[in-house]
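Below you'll find the structure, written out as structure tokens, and then a few comments.
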There are 2 protein chains.
Amino acid sequence: MKKSIFKLQCPLPKFDFDIITLAHGSGGLLTNKLLESGVFDLLKNDQLDKHHDGALLNFAGDTVAFSTDSFVISPVFFPGGDIGELAINGTVNDVAMCGGIPQYLSLSFILEEGLPIKEFWDILVSIKYAAEKAGVIIVTGDTKVVDKGKGDKIFVNTTGIGKLHRKANIDIKNIKKGDKIIVSDNIATHGIAILSVREGLEFETTIESDTRSLNHITTALLTKFGEDIHLFRDPTRGGVASTLNEIATDRDLGIVLQDEQIPVDEQVKAACEILGLDPLYSANEGVFMAIVSESIAEEMVAYLRNFKEASHASIIGEFVDDHNGRVLITNPLGGKRVVHMPIGEQLPRIC
Amino acid sequence: MKKSIFKLQCPLPKFDFDIITLAHGSGGLLTNKLLESGVFDLLKNDQLDKHHDGALLNFAGDTVAFSTDSFVISPVFFPGGDIGELAINGTVNDVAMCGGIPQYLSLSFILEEGLPIKEFWDILVSIKYAAEKAGVIIVTGDTKVVDKGKGDKIFVNTTGIGKLHRKANIDIKNIKKGDKIIVSDNIATHGIAILSVREGLEFETTIESDTRSLNHITTALLTKFGEDIHLFRDPTRGGVASTLNEIATDRDLGIVLQDEQIPVDEQVKAACEILGLDPLYSANEGVFMAIVSESIAEEMVAYLRNFKEASHASIIGEFVDDHNGRVLITNPLGGKRVVHMPIGEQLPRIC
């Protein structure tokens, strides 16, 4: 079939926008619209239809998880990390969220002409450090350079692959009424760290990004709790609110969150109040959510708290067969409000 | 180990440049310097040390080939293709060059704010078309948006994976003295097509990029010729000259090329003459080189010519145990010259 025939068969869908805006990269409603009516619809197949952070592929006897991410964060050096570390941890975590044990990564750079070699080197060293810490090997790569003013210092793509944990059975379909939602640690830290440095805000101590690899923890959880773990997801751009709205919609169940159970660092909470931001919408890079059987939820939280990176683990809510597709939050006084899917994002280029 | 200790252990190597320039992305000498003394040295492992277009990974009983590429070509629409088609074919071909049968691709976009949806859609349709033609499935992806002026319309990363062909034994170590070098088709077409459109040059007919997937041909060759194929490489940026120089250096053998055997389309040749360019340094996107046992070289060329995409296949030279690490070219009059590794490239952002 010739390409021209292809084009006739694939007319442009009716979008209510005719150019790409920053909000299309936010992880919110506009990203979803672009993907659902555009990319996913055009390229559709069983894997893409799952809307997970990665795909599961079969080779011989092994199922492997496969995930990709491009990182465009600004600034490239930020409190608590840099784009290199973020690029390793982000993809390692996406593979882990599929129930995979991350093993190998590809690494691809788009460098802007004029980038100081010293900065490139510092990013490379962070990459090496983060890869060793996560226990993954960088096996292949690519380097491109674009003219000054056609990029922004450095963009990094990483694509990761690793065997599925033998006890993993991560599938949104496994979620049922009564399942508990656990977050592994304090939320909103990465988003507030980036915003603080961009806006030049000062706090008593610097708020640092929570970028870190989570694969060692998810592997331990799968070994211990196996099929009682129904879903892992890391609430990166768009935050906890976006991720839970997506899950509620895809699974067609309702979610009720308990406001007082959501762990947020005091300083981050104060920053959110000053800035008028809701921590539920702020990005995370070192936190995951686990949707688990009610029967093991308490035990898992206790177990998680043994890990330094999950010392504030908490059950924040549960799935209900009511207000399906929507997320509600209750406060201790009995008030309820809807946690909407964000349209754009609090700030662009967060990861 | 803390990151700060890591930084002390990894001092910046002594480069003779202190910023990234366009030439670092050219595929020539400066790219090699940056990679050899920088990236490869810092991240070194068995896979990266092979300097191939991809890595070979083991899962259960299967070996899989894994390769990544970011595409930053300008302009994004060019005679004979666009960045979407190029991104699929480029990675499909890199997997094929490892002896793999490309099966799955990830797809990651970095979009510039303001990109018309119509253009994004046309690129997506090209992606769909190219993926179907190559027989690969796009299983996972990512979309980021950067502010206007911090990107250039669209950058695309694809990472590909596929089982190794059961008869493949592609390894630079297998190359021996007497091995023949086959190019699959006319060279230099992609580079000249891009240059023509950038410079506004007009020829009798438009010179179109040769972007296309080559996996169906390489699979057929492996089935037929198996271990007699010692290496596949596609001479993309930097052209045939760069690729052969890299191989000669890595294998520590010499190469002699026959000028009159190098297939170049007449119009491309004329364009090269007008522009003062050497086709050996011009980029290709739909051509591969096979380094094969002398005994099967003639038969392979005859077989290749049955494929529309390889109708100008030709033996262009051979490996010798002389002037090791260097590439010489002879002309019919007996003249000889050295084909040097290019320092930068004829033109940036060719792929």
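By convention here, the chains of the structure tokens are called A, B, ... in the order presented, each chain's residues are numbered starting at 1, and ligands are numbered starting at 1 in the order presented.
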
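All residues of protein, DNA or RNA that reach within 12 Å of Pro263 of chain A, judged by only C-alpha atoms and not counting those fewer than 3 positions away in the chain, are Ile182, Val183, Ser184, Asp185, Asn186, Ile187, Ala188, Thr189, Val240, Gln258, Asp259, Glu260, Glu266, Gln267, Val268, Lys269, Pro279, Leu280, Val287, Ala310, Ser311, His312, Ala313, Ser314, Ile315 and Ile316 of chain A.
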
Quiz prompt | Residues near segment 293-296 of chain B, cut-off 10 Å, only C-alpha atoms, skip fewer than 4 positions along chain, as a list of chain:residue names | solution = B:Asn174, B:Ile175, B:Lys176, B:Lys177, B:Gly178, B:Asp179, B:Lys180, B:Ile181, B:Phe225, B:Glu227, B:Asp228, B:Ile229, B:His230, B:Met300, B:Val301, B:Glu318, B:Phe319

Using N, CA and C atoms, can you write the selected residues to a file as an mmCIF file, in the first residue's frame?
data_model
loop_
_atom_site.group_PDB
_atom_site.id
_atom_site.type_symbol
_atom_site.label_atom_id
_atom_site.label_comp_id
_atom_site.auth_asym_id
_atom_site.auth_seq_id
_atom_site.Cartn_x
_atom_site.Cartn_y
_atom_site.Cartn_z
ATOM 1 N N ASN B 174 34.701 -11.472 13.727
ATOM 2 C CA ASN B 174 34.648 -12.500 12.683
ATOM 3 C C ASN B 174 35.241 -12.044 11.344
ATOM 4 N N ILE B 175 35.455 -10.760 11.207
ATOM 5 C CA ILE B 175 36.012 -10.248 9.943
ATOM 6 C C ILE B 175 37.452 -10.716 9.797
ATOM 7 N N LYS B 176 37.767 -11.193 8.592
ATOM 8 C CA LYS B 176 39.153 -11.621 8.366
ATOM 9 C C LYS B 176 39.659 -11.073 7.037
ATOM 10 N N LYS B 177 40.928 -11.140 6.869
ATOM 11 C CA LYS B 177 41.587 -10.726 5.633
ATOM 12 C C LYS B 177 40.910 -11.427 4.453
ATOM 13 N N GLY B 178 40.644 -10.694 3.390
ATOM 14 C CA GLY B 178 40.009 -11.292 2.219
ATOM 15 C C GLY B 178 38.501 -11.112 2.201
ATOM 16 N N ASP B 179 37.906 -10.784 3.351
ATOM 17 C CA ASP B 179 36.454 -10.558 3.400
ATOM 18 C C ASP B 179 36.072 -9.422 2.452
ATOM 19 N N LYS B 180 34.910 -9.599 1.827
ATOM 20 C CA LYS B 180 34.444 -8.590 0.866
ATOM 21 C C LYS B 180 33.461 -7.633 1.534
ATOM 22 N N ILE B 181 33.458 -6.418 1.022
ATOM 23 C CA ILE B 181 32.530 -5.389 1.510
ATOM 24 C C ILE B 181 31.476 -5.142 0.435
ATOM 25 N N PHE B 225 22.601 -17.053 3.985
ATOM 26 C CA PHE B 225 24.068 -17.076 4.060
ATOM 27 C C PHE B 225 24.630 -17.247 5.474
ATOM 28 N N GLU B 227 26.356 -17.746 8.787
ATOM 29 C CA GLU B 227 27.605 -17.312 9.412
ATOM 30 C C GLU B 227 28.619 -16.715 8.449
ATOM 31 N N ASP B 228 28.348 -16.823 7.151
ATOM 32 C CA ASP B 228 29.262 -16.165 6.208
ATOM 33 C C ASP B 228 29.105 -14.646 6.226
ATOM 34 N N ILE B 229 28.061 -14.204 6.890
ATOM 35 C CA ILE B 229 27.904 -12.750 7.077
ATOM 36 C C ILE B 229 28.588 -12.380 8.388
ATOM 37 N N HIS B 230 29.645 -11.606 8.314
ATOM 38 C CA HIS B 230 30.419 -11.295 9.515
ATOM 39 C C HIS B 230 29.980 -10.002 10.171
ATOM 40 N N MET B 300 25.957 -13.457 -3.152
ATOM 41 C CA MET B 300 25.111 -12.554 -2.369
ATOM 42 C C MET B 300 24.700 -11.326 -3.185
ATOM 43 N N VAL B 301 25.615 -10.799 -3.940
ATOM 44 C CA VAL B 301 25.281 -9.628 -4.761
ATOM 45 C C VAL B 301 24.189 -9.987 -5.774
ATOM 46 N N GLU B 318 37.566 -4.758 -0.120
ATOM 47 C CA GLU B 318 37.880 -5.926 0.697
ATOM 48 C C GLU B 318 38.828 -5.568 1.844
ATOM 49 N N PHE B 319 38.937 -6.487 2.777
ATOM 50 C CA PHE B 319 39.846 -6.316 3.909
ATOM 51 C C PHE B 319 41.211 -6.901 3.569
#

Self-check item: Test item: residues at most 8 Å from Leu347 of chain B, only C-alpha atoms, excluding those fewer than 3 positions along its chain, as JSON, numbers by chain
Solution: {"B": [26, 195, 350]}

Practice problem: Tell me which protein, DNA and RNA residues are within 8 Å of Ile117 of chain A, counting only C-alpha atoms, leaving out same-chain ones fewer than 5 positions away, and put them as an NGL selection string. | Solution: :B and (17-20)

Exercise. Identify all chain B residues at most 6 Å from chain A by counting only C-alpha atoms; ligands do not count. Present them as a ChimeraX atom specification.
Key: /B:18-22,25,47-48,54-55,60-62,68-69,113-117,139-142,144-145,150-152

Quiz item: Using only C-alpha atoms, which of the listed residues (A:Glu298, A:Ile170, A:Leu231, A:Gly254) sits closest to Leu328 of chain A?
Solution: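 So, comparing all the options, the nearest one is A:Gly254.
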
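In this structure, atom CA of Thr330 of chain B sits 7.2 Å away from atom CA of Val256 of chain B.
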
Self-check item: Best match for closeness to Asn89 of chain A among A:His340, A:His216, A:Lys173, A:Arg251, counting only C-alpha atoms
Solution: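 Checking each of A:His340, A:His216, A:Lys173, A:Arg251 against Asn89 of chain A, counting only C-alpha atoms, the winner is A:His216.
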
Self-check item: 8 Å contact set for Asp234 of chain A, only C-alpha atoms, chain neighbours under 6 positions out, as a list in words
Solution: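 With the cut-off at 8 Å, the set is Asn93, Asp94, Met97, Thr243, Asn284, Glu285, Gly286, Val287, Phe288 and Met289 of chain A.
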
Quiz item: Could you work out how far atom CA of Val136 of chain B lies from atom CA of Leu244 of chain B, giving the answer in Å with one decimal?
Solution: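 Taking atom CA of Leu244 of chain B and atom CA of Val136 of chain B, their separation equals 28.9 Å.
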
So which residues touch Ala168 of chain A within 7 Å, counting only C-alpha atoms, skipping near sequence neighbours fewer than 5 positions away, as a PDB file with N, CA and C atoms, in the first residue's frame?
ATOM      1  N   GLY A  99       5.927  -4.310  37.059  1.00  0.00           N
ATOM      2  CA  GLY A  99       6.234  -5.582  37.716  1.00  0.00           C
ATOM      3  C   GLY A  99       7.537  -6.176  37.210  1.00  0.00           C
ATOM      4  N   LEU A 222       6.884  -7.564  45.597  1.00  0.00           N
ATOM      5  CA  LEU A 222       6.337  -8.641  44.761  1.00  0.00           C
ATOM      6  C   LEU A 222       6.714 -10.003  45.328  1.00  0.00           C
ATOM      7  N   GLY A 226       3.199 -10.834  46.139  1.00  0.00           N
ATOM      8  CA  GLY A 226       2.777 -11.458  44.879  1.00  0.00           C
ATOM      9  C   GLY A 226       1.489 -10.918  44.291  1.00  0.00           C
ATOM     10  N   GLU A 227       0.545 -11.813  44.073  1.00  0.00           N
ATOM     11  CA  GLU A 227      -0.670 -11.466  43.337  1.00  0.00           C
ATOM     12  C   GLU A 227      -1.617 -10.546  44.091  1.00  0.00           C
TER      13      GLU A 227
END

Quiz item: atom CA of Phe203 of chain A to atom CA of Gly80 of chain A: how many Å, to one decimal?
Solution: 14.7 Å

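For Val197 of chain A, the residues within 9 Å (counting only C-alpha atoms, excluding itself and residues fewer than 5 positions away along the chain) are Pro75, Phe78, Pro79, Ile192 and Glu202 of chain A.
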
Quiz prompt | Among listed residues B:Ala297, B:Ile262, B:Gly28, B:Lys33, nearest Asp16 of chain B (using only C-alpha atoms) | solution = B:Lys33
